[in-house]
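Taking it in order: structure first as structure tokens, then the write-up.
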Amino acid sequence: MGYFDVPEIDYTRYSDRQLAAVPLAVLGVALLVLAGSFLLLGTPVQFGMDFAGGTELTVQTATPEKEIPGAFEEEPESIQSVASAENQYIVQFVSTDQEGLSEQAETNLQPAGNGEVIQQVSSTSASFGEQTQRTALLGLAVAFLGMSALAFALFRTFVPSIAIVVSAFSDLVIPLAFMSLVGIRLSLGTVAALLMLIGYSVDSDILLNNHVLRRGGDFYESTHRAMRTGITMTVTSMMAMLVMGVAAWIFGVELLSSIGIILFVGLTADLMNTYLLNLSLLRWYKFHGVAR
């Protein structure tokens with residue numbers, strides 16, 4: 001396996017507080033963003049149709065995209081052009097009045113050629129969305145708790161284990177705050193991206209802890225060895241997710257684009273949390289804690 005040329009950072013120039021200050025400040029801002037969104041909107045992150053319920057129409061129309069909202073009595077939540085089909089759009093609504101919205105589309109939108117305006121219609125009830133929401137969030141919580149239990153089982157000491165848990169928590173909160181800011185909705189697809197982030201976070205943090213605590217050598221030499229492998233893996237994944245997100249955005253695949261961007265942001269946060277926050281806690285434990 002090849003490695004990026006990771007420069008040796010002189011960590012001795014910085015105190016543990018200085019190393020932890022940046023990731024903790026970013027985490028604090030992310031928590032404030034989520035709290036502000038909760039106070040303003042009632043949820044830290046807006047829910048997608050999977051969780052909130054609603055109706056999705058796929059229409060093929062010669063009506064310009066900017067004029068489509070005027071065809072409906074209710075303002076659409078989103079209008080997405082389908083890149084693979086000319087004059088085709090996916091229009092989403094909070095309302096579950098599937099029949100009424102379909103009638104408005106057929107009446108007020110101009111057909112493209114001789115085809116039908118409505119190509120596909122689907123609806124999710126609010127009660128079913130709430131049930132799906134609870135199931136998905138429960139799965140996310142179980143995955144996080146399972147990861148925490150694994151960390152404590154592997155290292156059996158408080159500080160190294162809590163360093164992994166805090167880093168993973170921050171790796172989840174920062175992408176959630178980003179989603180809130182840019183308007184990416186929480187759906188089954190984006191929950192899957194958050195579950196993947198838990199796995200990525202545990203992988204990089206356990207790699208660092210294992211090199212520092214269980215392998216021989218100087219603390220800083222062990223750190224650099226872990227960084228060579230960990231940064232190579234993380235940056236490679238970041239580039240893959242960025243390419244996927246941009247390509248999906250170009251071709252109009254909104255879900256894949258959202259997943260790619262969320263993973264890119266989360267992996268960027270993981271680099272910061274692993275090699276600043278986690279490392280500062282490990283160094284304190286190694287030199288000033290109760291390590292034996």
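Residues are named by chain letter and number: chains run A, B, ... in the order of the structure tokens, numbers start at 1 in each chain, and ligands are numbered from 1 in the order shown.
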
query: Counting only C-alpha atoms, what is within 7 Å of segment 240-257 of chain A, bar same-chain residues fewer than 4 positions away, as a list in words?
result: Ser81, Val82, Ala83, Gly189, Thr236, Ile261, Leu263 and Phe264 of chain A

message: Neighbouring residues of segment 93-104 of chain A were defined as those with any atom within 7 Å, considering only C-alpha atoms; residues of the same chain fewer than 3 positions away were excluded. Please report them as a VMD selection string.
response: chain A and resid 53 to 56 71 to 72 76 to 77 107 to 108 123 to 125

Please produce an output containing all heavy atoms for each residue in the selection, written as an mmCIF file, in the first residue's frame.
```cif
data_model
loop_
_atom_site.group_PDB
_atom_site.id
_atom_site.type_symbol
_atom_site.label_atom_id
_atom_site.label_comp_id
_atom_site.auth_asym_id
_atom_site.auth_seq_id
_atom_site.Cartn_x
_atom_site.Cartn_y
_atom_site.Cartn_z
ATOM 1 N N GLY A 53 -43.046 12.724 5.827
ATOM 2 C CA GLY A 53 -44.210 12.476 4.999
ATOM 3 C C GLY A 53 -44.302 13.515 3.891
ATOM 4 O O GLY A 53 -43.658 14.566 3.936
ATOM 5 N N GLY A 54 -45.107 13.239 2.875
ATOM 6 C CA GLY A 54 -45.261 14.173 1.769
ATOM 7 C C GLY A 54 -45.533 13.441 0.466
ATOM 8 O O GLY A 54 -45.742 12.222 0.446
ATOM 9 N N THR A 55 -45.535 14.212 -0.614
ATOM 10 C CA THR A 55 -45.832 13.674 -1.935
ATOM 11 C C THR A 55 -44.736 14.066 -2.911
ATOM 12 O O THR A 55 -44.217 15.196 -2.856
ATOM 13 C CB THR A 55 -47.184 14.197 -2.459
ATOM 14 O OG1 THR A 55 -48.214 13.809 -1.553
ATOM 15 C CG2 THR A 55 -47.506 13.643 -3.845
ATOM 16 N N GLU A 56 -44.389 13.137 -3.780
ATOM 17 C CA GLU A 56 -43.377 13.395 -4.812
ATOM 18 C C GLU A 56 -43.977 13.112 -6.186
ATOM 19 O O GLU A 56 -44.476 12.018 -6.441
ATOM 20 C CB GLU A 56 -42.148 12.511 -4.587
ATOM 21 C CG GLU A 56 -41.046 12.719 -5.616
ATOM 22 C CD GLU A 56 -39.829 11.854 -5.324
ATOM 23 O OE1 GLU A 56 -39.009 12.259 -4.470
ATOM 24 O OE2 GLU A 56 -39.711 10.768 -5.925
ATOM 25 N N ALA A 71 -48.049 26.518 -10.743
ATOM 26 C CA ALA A 71 -49.082 25.578 -11.188
ATOM 27 C C ALA A 71 -49.792 24.907 -10.013
ATOM 28 O O ALA A 71 -50.810 24.239 -10.207
ATOM 29 C CB ALA A 71 -48.462 24.513 -12.090
ATOM 30 N N PHE A 72 -49.268 25.097 -8.806
ATOM 31 C CA PHE A 72 -49.814 24.398 -7.638
ATOM 32 C C PHE A 72 -50.302 25.399 -6.604
ATOM 33 O O PHE A 72 -49.748 26.493 -6.457
ATOM 34 C CB PHE A 72 -48.747 23.485 -7.020
ATOM 35 C CG PHE A 72 -48.240 22.421 -7.954
ATOM 36 C CD1 PHE A 72 -47.094 22.635 -8.711
ATOM 37 C CD2 PHE A 72 -48.916 21.213 -8.087
ATOM 38 C CE1 PHE A 72 -46.625 21.657 -9.576
ATOM 39 C CE2 PHE A 72 -48.452 20.237 -8.955
ATOM 40 C CZ PHE A 72 -47.305 20.459 -9.697
ATOM 41 N N PRO A 76 -44.067 24.125 -3.687
ATOM 42 C CA PRO A 76 -43.276 22.891 -3.586
ATOM 43 C C PRO A 76 -42.098 23.047 -2.624
ATOM 44 O O PRO A 76 -41.524 24.129 -2.492
ATOM 45 C CB PRO A 76 -42.777 22.676 -5.021
ATOM 46 C CG PRO A 76 -43.692 23.475 -5.885
ATOM 47 C CD PRO A 76 -44.094 24.657 -5.052
ATOM 48 N N GLU A 77 -41.756 21.965 -1.954
ATOM 49 C CA GLU A 77 -40.581 21.959 -1.089
ATOM 50 C C GLU A 77 -39.296 22.005 -1.911
ATOM 51 O O GLU A 77 -38.319 22.633 -1.531
ATOM 52 C CB GLU A 77 -40.568 20.701 -0.214
ATOM 53 C CG GLU A 77 -41.522 20.753 0.947
ATOM 54 C CD GLU A 77 -41.074 21.737 2.009
ATOM 55 O OE1 GLU A 77 -40.031 21.513 2.650
ATOM 56 O OE2 GLU A 77 -41.759 22.754 2.188
ATOM 57 N N THR A 107 -53.698 19.839 -14.937
ATOM 58 C CA THR A 107 -54.473 20.989 -15.418
ATOM 59 C C THR A 107 -53.593 22.174 -15.791
ATOM 60 O O THR A 107 -53.831 22.839 -16.819
ATOM 61 C CB THR A 107 -55.495 21.432 -14.346
ATOM 62 O OG1 THR A 107 -56.334 20.336 -14.002
ATOM 63 C CG2 THR A 107 -56.335 22.606 -14.835
ATOM 64 N N ASN A 108 -52.567 22.451 -14.985
ATOM 65 C CA ASN A 108 -51.834 23.717 -15.104
ATOM 66 C C ASN A 108 -50.466 23.615 -15.769
ATOM 67 O O ASN A 108 -49.880 24.648 -16.109
ATOM 68 C CB ASN A 108 -51.669 24.343 -13.718
ATOM 69 C CG ASN A 108 -53.001 24.620 -13.052
ATOM 70 O OD1 ASN A 108 -53.963 25.014 -13.715
ATOM 71 N ND2 ASN A 108 -53.068 24.401 -11.739
ATOM 72 N N SER A 123 -46.394 8.838 -2.400
ATOM 73 C CA SER A 123 -46.764 9.593 -1.211
ATOM 74 C C SER A 123 -46.411 8.802 0.039
ATOM 75 O O SER A 123 -46.499 7.569 0.055
ATOM 76 C CB SER A 123 -48.265 9.895 -1.241
ATOM 77 O OG SER A 123 -48.643 10.661 -0.115
ATOM 78 N N THR A 124 -45.971 9.521 1.073
ATOM 79 C CA THR A 124 -45.662 8.904 2.365
ATOM 80 C C THR A 124 -46.476 9.610 3.433
ATOM 81 O O THR A 124 -46.429 10.843 3.538
ATOM 82 C CB THR A 124 -44.160 9.040 2.693
ATOM 83 O OG1 THR A 124 -43.390 8.427 1.664
ATOM 84 C CG2 THR A 124 -43.839 8.392 4.032
ATOM 85 N N SER A 125 -47.221 8.859 4.217
ATOM 86 C CA SER A 125 -48.040 9.469 5.264
ATOM 87 C C SER A 125 -47.155 9.964 6.405
ATOM 88 O O SER A 125 -46.049 9.462 6.627
ATOM 89 C CB SER A 125 -49.053 8.465 5.803
ATOM 90 O OG SER A 125 -48.404 7.437 6.531
#
```

- request: Between A:Leu282, A:Leu186, A:Val159, A:Val235, single out the one closest to Pro44 of chain A, counting only C-alpha atoms.
  value: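 Residue with the minimum atom-to-atom distance to Pro44 of chain A: A:Leu186.
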
List as a CSV table (one decimal) with C-alpha atoms, in the first residue's frame the protein and nucleic acid residues near Asn87 of chain A, meaning an atom at most 10 Å away when only C-alpha atoms are counted, but skip any in the same chain fewer than 5 places from it.
```
chain,number,residue,atom,x,y,z
A,59,VAL,CA,-43.6,15.4,-14.2
A,60,GLN,CA,-42.6,15.9,-17.9
A,61,THR,CA,-43.6,19.4,-19.0
A,62,ALA,CA,-42.7,22.1,-21.4
A,63,THR,CA,-43.5,24.7,-18.7
A,64,PRO,CA,-40.2,26.4,-17.6
A,65,GLU,CA,-38.8,25.2,-14.3
A,81,SER,CA,-34.4,18.6,-12.8
A,82,VAL,CA,-33.8,15.0,-14.0
A,111,PRO,CA,-47.3,18.6,-21.6
A,112,ALA,CA,-44.0,18.1,-23.4
```

task: Show which residues sit within 9 Å of segment 132-137 of chain A, as a PyMOL selection string. Count only C-alpha atoms, and ignore same-chain residues fewer than 5 positions away.
output: chain A and resi 47+50-52+127+142+187-188+191-192

Save out the residues we just selected, C-alpha atoms, as a PDB file, in the first residue's frame.
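That gives us out08.pdb:
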```
ATOM      1  CA  PHE A  47     -36.511  15.947   7.828  1.00  0.00           C
ATOM      2  CA  ASP A  50     -38.933   9.633   4.294  1.00  0.00           C
ATOM      3  CA  PHE A  51     -39.352  10.989   7.832  1.00  0.00           C
ATOM      4  CA  ALA A  52     -41.799  13.897   7.564  1.00  0.00           C
ATOM      5  CA  SER A 127     -47.489   8.621  10.657  1.00  0.00           C
ATOM      6  CA  VAL A 142     -27.514   1.722  18.783  1.00  0.00           C
ATOM      7  CA  SER A 187     -33.532  10.887   5.172  1.00  0.00           C
ATOM      8  CA  LEU A 188     -32.830   7.169   5.085  1.00  0.00           C
ATOM      9  CA  VAL A 191     -28.710   8.422   7.901  1.00  0.00           C
ATOM     10  CA  ALA A 192     -26.787   5.695   6.054  1.00  0.00           C
TER      11      ALA A 192
END
```

task: From a DSSP pass on the backbone, collect the residues of segment 56-109 of chain A flagged as helix (DSSP H, G or I) and hand them back as a PyMOL selection string.
output: chain A and resi 65-71+98-108

Go through segment 195-289 of chain A and flag each residue having an atom no more than 10 Å from segment 9-27 of chain A; for those, report the closest pair of atoms plus their distance in Å to one decimal, using only C-alpha atoms, ordered by chain and rising number, as CSV.
```
residue,atom,partner,partner_atom,distance
A:Tyr220,CA,A:Tyr11,CA,7.8
A:Thr223,CA,A:Ile9,CA,9.7
A:His224,CA,A:Ile9,CA,8.2
A:Ala269,CA,A:Pro23,CA,8.3
A:Asp270,CA,A:Pro23,CA,9.8
A:Met272,CA,A:Pro23,CA,6.5
A:Asn273,CA,A:Pro23,CA,5.9
A:Thr274,CA,A:Pro23,CA,9.4
A:Tyr275,CA,A:Leu19,CA,8.6
A:Leu276,CA,A:Leu19,CA,5.1
A:Leu277,CA,A:Ala20,CA,4.6
A:Asn278,CA,A:Ala20,CA,8.1
A:Leu279,CA,A:Leu19,CA,8.1
A:Ser280,CA,A:Asp16,CA,4.8
A:Leu281,CA,A:Asp16,CA,7.3
A:Leu282,CA,A:Asp16,CA,9.4
A:Arg283,CA,A:Asp16,CA,7.4
A:Trp284,CA,A:Asp16,CA,6.8
```

Keeping N, CA and C atoms, export the residues of the selection given above as a PDB file, in the first residue's frame.
```pdb
ATOM      1  N   TYR A 220       5.898  10.137  19.683  1.00  0.00           N
ATOM      2  CA  TYR A 220       5.770  10.903  18.443  1.00  0.00           C
ATOM      3  C   TYR A 220       6.097  10.055  17.218  1.00  0.00           C
ATOM      4  N   THR A 223       2.979   8.065  16.680  1.00  0.00           N
ATOM      5  CA  THR A 223       1.953   8.939  16.104  1.00  0.00           C
ATOM      6  C   THR A 223       2.157   9.115  14.610  1.00  0.00           C
ATOM      7  N   HIS A 224       3.404   9.346  14.195  1.00  0.00           N
ATOM      8  CA  HIS A 224       3.664   9.554  12.769  1.00  0.00           C
ATOM      9  C   HIS A 224       3.395   8.291  11.957  1.00  0.00           C
ATOM     10  N   ALA A 269     -13.748  16.431   9.113  1.00  0.00           N
ATOM     11  CA  ALA A 269     -13.847  16.594  10.569  1.00  0.00           C
ATOM     12  C   ALA A 269     -13.091  15.487  11.294  1.00  0.00           C
ATOM     13  N   ASP A 270     -13.124  14.266  10.744  1.00  0.00           N
ATOM     14  CA  ASP A 270     -12.440  13.137  11.374  1.00  0.00           C
ATOM     15  C   ASP A 270     -10.934  13.351  11.413  1.00  0.00           C
ATOM     16  N   MET A 272      -9.385  16.215  11.627  1.00  0.00           N
ATOM     17  CA  MET A 272      -9.147  17.205  12.683  1.00  0.00           C
ATOM     18  C   MET A 272      -9.309  16.578  14.067  1.00  0.00           C
ATOM     19  N   ASN A 273     -10.391  15.835  14.262  1.00  0.00           N
ATOM     20  CA  ASN A 273     -10.661  15.275  15.583  1.00  0.00           C
ATOM     21  C   ASN A 273      -9.664  14.195  15.976  1.00  0.00           C
ATOM     22  N   THR A 274      -9.236  13.378  15.015  1.00  0.00           N
ATOM     23  CA  THR A 274      -8.299  12.295  15.329  1.00  0.00           C
ATOM     24  C   THR A 274      -6.924  12.822  15.691  1.00  0.00           C
ATOM     25  N   TYR A 275      -6.395  13.732  14.858  1.00  0.00           N
ATOM     26  CA  TYR A 275      -4.997  14.140  15.015  1.00  0.00           C
ATOM     27  C   TYR A 275      -4.818  15.439  15.782  1.00  0.00           C
ATOM     28  N   LEU A 276      -5.900  15.978  16.343  1.00  0.00           N
ATOM     29  CA  LEU A 276      -5.800  17.099  17.277  1.00  0.00           C
ATOM     30  C   LEU A 276      -6.459  16.741  18.604  1.00  0.00           C
ATOM     31  N   LEU A 277      -7.766  16.460  18.564  1.00  0.00           N
ATOM     32  CA  LEU A 277      -8.484  16.201  19.817  1.00  0.00           C
ATOM     33  C   LEU A 277      -8.097  14.863  20.432  1.00  0.00           C
ATOM     34  N   ASN A 278      -8.204  13.786  19.679  1.00  0.00           N
ATOM     35  CA  ASN A 278      -7.861  12.464  20.200  1.00  0.00           C
ATOM     36  C   ASN A 278      -6.397  12.426  20.621  1.00  0.00           C
ATOM     37  N   LEU A 279      -5.545  12.986  19.785  1.00  0.00           N
ATOM     38  CA  LEU A 279      -4.105  12.959  20.084  1.00  0.00           C
ATOM     39  C   LEU A 279      -3.777  13.721  21.361  1.00  0.00           C
ATOM     40  N   SER A 280      -4.432  14.869  21.568  1.00  0.00           N
ATOM     41  CA  SER A 280      -4.151  15.649  22.779  1.00  0.00           C
ATOM     42  C   SER A 280      -4.538  14.863  24.032  1.00  0.00           C
ATOM     43  N   LEU A 281      -5.660  14.148  23.981  1.00  0.00           N
ATOM     44  CA  LEU A 281      -6.078  13.342  25.128  1.00  0.00           C
ATOM     45  C   LEU A 281      -5.133  12.161  25.347  1.00  0.00           C
ATOM     46  N   LEU A 282      -4.697  11.544  24.248  1.00  0.00           N
ATOM     47  CA  LEU A 282      -3.745  10.441  24.373  1.00  0.00           C
ATOM     48  C   LEU A 282      -2.424  10.903  24.967  1.00  0.00           C
ATOM     49  N   ARG A 283      -1.936  12.063  24.520  1.00  0.00           N
ATOM     50  CA  ARG A 283      -0.655  12.551  25.035  1.00  0.00           C
ATOM     51  C   ARG A 283      -0.764  12.899  26.512  1.00  0.00           C
ATOM     52  N   TRP A 284      -1.895  13.527  26.896  1.00  0.00           N
ATOM     53  CA  TRP A 284      -2.074  13.820  28.319  1.00  0.00           C
ATOM     54  C   TRP A 284      -2.087  12.524  29.121  1.00  0.00           C
TER      55      TRP A 284
END
```

message: Can you tell me which residues surround Met179 of chain A at a distance of at most 9 Å, considering only C-alpha atoms, apart from same-chain residues fewer than 4 positions away, and format the answer as a list in words?
response: Val45, Gln46, Ile174, Pro175, Gly183, Ile184, Arg185, Leu186, Ser258 and Ile262 of chain A

With N, CA, C and O atoms kept, could you save the residues just selected as a CSV table (one decimal), in the first residue's frame?
```csv
chain,number,residue,atom,x,y,z
A,45,VAL,N,-32.2,19.2,12.4
A,45,VAL,CA,-32.0,19.1,11.0
A,45,VAL,C,-33.4,18.9,10.4
A,45,VAL,O,-34.2,18.1,10.9
A,46,GLN,N,-33.6,19.5,9.2
A,46,GLN,CA,-34.9,19.3,8.6
A,46,GLN,C,-35.1,17.9,8.1
A,46,GLN,O,-34.1,17.3,7.6
A,174,ILE,N,-20.7,17.6,13.5
A,174,ILE,CA,-20.3,18.6,12.5
A,174,ILE,C,-21.0,18.4,11.2
A,174,ILE,O,-21.5,19.4,10.6
A,175,PRO,N,-21.1,17.2,10.6
A,175,PRO,CA,-21.9,17.0,9.4
A,175,PRO,C,-23.4,17.4,9.6
A,175,PRO,O,-24.0,17.9,8.7
A,183,GLY,N,-29.1,23.0,4.1
A,183,GLY,CA,-30.5,22.6,3.7
A,183,GLY,C,-30.5,21.1,3.2
A,183,GLY,O,-31.5,20.8,2.5
A,184,ILE,N,-29.5,20.3,3.5
A,184,ILE,CA,-29.6,18.9,3.2
A,184,ILE,C,-30.5,18.2,4.3
A,184,ILE,O,-30.3,18.3,5.5
A,185,ARG,N,-31.6,17.5,3.8
A,185,ARG,CA,-32.5,17.0,4.7
A,185,ARG,C,-32.1,15.6,5.2
A,185,ARG,O,-31.4,14.9,4.5
A,186,LEU,N,-32.6,15.3,6.4
A,186,LEU,CA,-32.3,14.0,7.0
A,186,LEU,C,-33.3,13.0,6.4
A,186,LEU,O,-34.5,13.1,6.6
A,258,SER,N,-25.9,14.2,-2.0
A,258,SER,CA,-25.9,14.5,-0.5
A,258,SER,C,-25.0,13.6,0.3
A,258,SER,O,-24.3,14.0,1.2
A,262,ILE,N,-21.8,14.8,2.5
A,262,ILE,CA,-21.8,14.6,3.9
A,262,ILE,C,-20.6,13.8,4.4
A,262,ILE,O,-20.0,14.1,5.4
```

query: What's the 8 Å shell around Ile198 of chain A, counting only C-alpha atoms, without same-chain residues fewer than 2 positions away, as a list in words?
result: Ala143, Phe144, Met147, Ala168, Asp171, Leu172, Leu194, Leu195, Met196, Tyr200, Ser201 and Val202 of chain A

The selected residues should be written to file as a PDB file, in the first residue's frame (atoms: C-alpha atoms).
```
ATOM      1  CA  ALA A 143     -24.591   1.928  16.342  1.00  0.00           C
ATOM      2  CA  PHE A 144     -22.999   4.753  18.351  1.00  0.00           C
ATOM      3  CA  MET A 147     -19.034   1.637  18.917  1.00  0.00           C
ATOM      4  CA  ALA A 168     -16.845  10.009  16.936  1.00  0.00           C
ATOM      5  CA  ASP A 171     -17.632  13.483  13.611  1.00  0.00           C
ATOM      6  CA  LEU A 172     -21.443  13.120  13.665  1.00  0.00           C
ATOM      7  CA  LEU A 194     -23.892   9.079   9.140  1.00  0.00           C
ATOM      8  CA  LEU A 195     -23.665   5.373  10.002  1.00  0.00           C
ATOM      9  CA  MET A 196     -20.710   5.074   7.618  1.00  0.00           C
ATOM     10  CA  TYR A 200     -14.687   5.623   9.506  1.00  0.00           C
ATOM     11  CA  SER A 201     -14.213   7.445  12.817  1.00  0.00           C
ATOM     12  CA  VAL A 202     -13.679   4.278  14.833  1.00  0.00           C
TER      13      VAL A 202
END
```

List the spatial neighbours of segment 37-42 of chain A as a PDB file with N, CA, C and O atoms, in the first residue's frame - criterion: any atom at most 10 Å away, only C-alpha atoms, same-chain residues fewer than 3 positions off excluded.
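Writing the result to around_11.pdb gives the following:
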```pdb
ATOM      1  N   LEU A  31     -22.758  22.584  17.634  1.00  0.00           N
ATOM      2  CA  LEU A  31     -23.856  22.392  18.594  1.00  0.00           C
ATOM      3  C   LEU A  31     -24.762  23.629  18.652  1.00  0.00           C
ATOM      4  O   LEU A  31     -25.984  23.508  18.766  1.00  0.00           O
ATOM      5  N   LEU A  32     -24.160  24.821  18.553  1.00  0.00           N
ATOM      6  CA  LEU A  32     -24.956  26.052  18.546  1.00  0.00           C
ATOM      7  C   LEU A  32     -25.840  26.127  17.302  1.00  0.00           C
ATOM      8  O   LEU A  32     -26.993  26.564  17.373  1.00  0.00           O
ATOM      9  N   VAL A  33     -25.292  25.701  16.153  1.00  0.00           N
ATOM     10  CA  VAL A  33     -26.072  25.697  14.912  1.00  0.00           C
ATOM     11  C   VAL A  33     -27.278  24.771  15.054  1.00  0.00           C
ATOM     12  O   VAL A  33     -28.413  25.127  14.695  1.00  0.00           O
ATOM     13  N   LEU A  34     -27.047  23.570  15.599  1.00  0.00           N
ATOM     14  CA  LEU A  34     -28.138  22.610  15.761  1.00  0.00           C
ATOM     15  C   LEU A  34     -29.168  23.113  16.773  1.00  0.00           C
ATOM     16  O   LEU A  34     -30.380  22.944  16.581  1.00  0.00           O
ATOM     17  N   VAL A  45     -32.180  19.243  12.418  1.00  0.00           N
ATOM     18  CA  VAL A  45     -31.989  19.117  10.976  1.00  0.00           C
ATOM     19  C   VAL A  45     -33.362  18.863  10.362  1.00  0.00           C
ATOM     20  O   VAL A  45     -34.155  18.090  10.907  1.00  0.00           O
ATOM     21  N   GLN A  46     -33.639  19.511   9.249  1.00  0.00           N
ATOM     22  CA  GLN A  46     -34.929  19.307   8.593  1.00  0.00           C
ATOM     23  C   GLN A  46     -35.059  17.873   8.093  1.00  0.00           C
ATOM     24  O   GLN A  46     -34.106  17.296   7.565  1.00  0.00           O
ATOM     25  N   ALA A 177     -24.600  19.656  11.559  1.00  0.00           N
ATOM     26  CA  ALA A 177     -24.675  21.119  11.523  1.00  0.00           C
ATOM     27  C   ALA A 177     -24.516  21.628  10.092  1.00  0.00           C
ATOM     28  O   ALA A 177     -25.214  22.563   9.672  1.00  0.00           O
ATOM     29  N   SER A 180     -27.738  21.183   8.314  1.00  0.00           N
ATOM     30  CA  SER A 180     -28.696  22.199   8.731  1.00  0.00           C
ATOM     31  C   SER A 180     -28.443  23.521   8.025  1.00  0.00           C
ATOM     32  O   SER A 180     -29.374  24.212   7.599  1.00  0.00           O
ATOM     33  N   LEU A 181     -27.172  23.878   7.867  1.00  0.00           N
ATOM     34  CA  LEU A 181     -26.819  25.160   7.249  1.00  0.00           C
ATOM     35  C   LEU A 181     -27.116  25.195   5.754  1.00  0.00           C
ATOM     36  O   LEU A 181     -27.583  26.206   5.226  1.00  0.00           O
TER      37      LEU A 181
END
```

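All residues in segment 16-146 of chain A with a DSSP state of strand (DSSP E or B), computed from the backbone, read Phe47, Gly54, Thr55, Glu56, Leu57, Thr58, Val59, Gln60, Thr61, Ser78, Ile79, Gln80, Ser81, Gln88, Tyr89, Ile90, Val91, Gln92, Phe93, Pro111, Ile118, Gln119, Gln120, Val121, Ser122, Ser123 and Thr124 of chain A.
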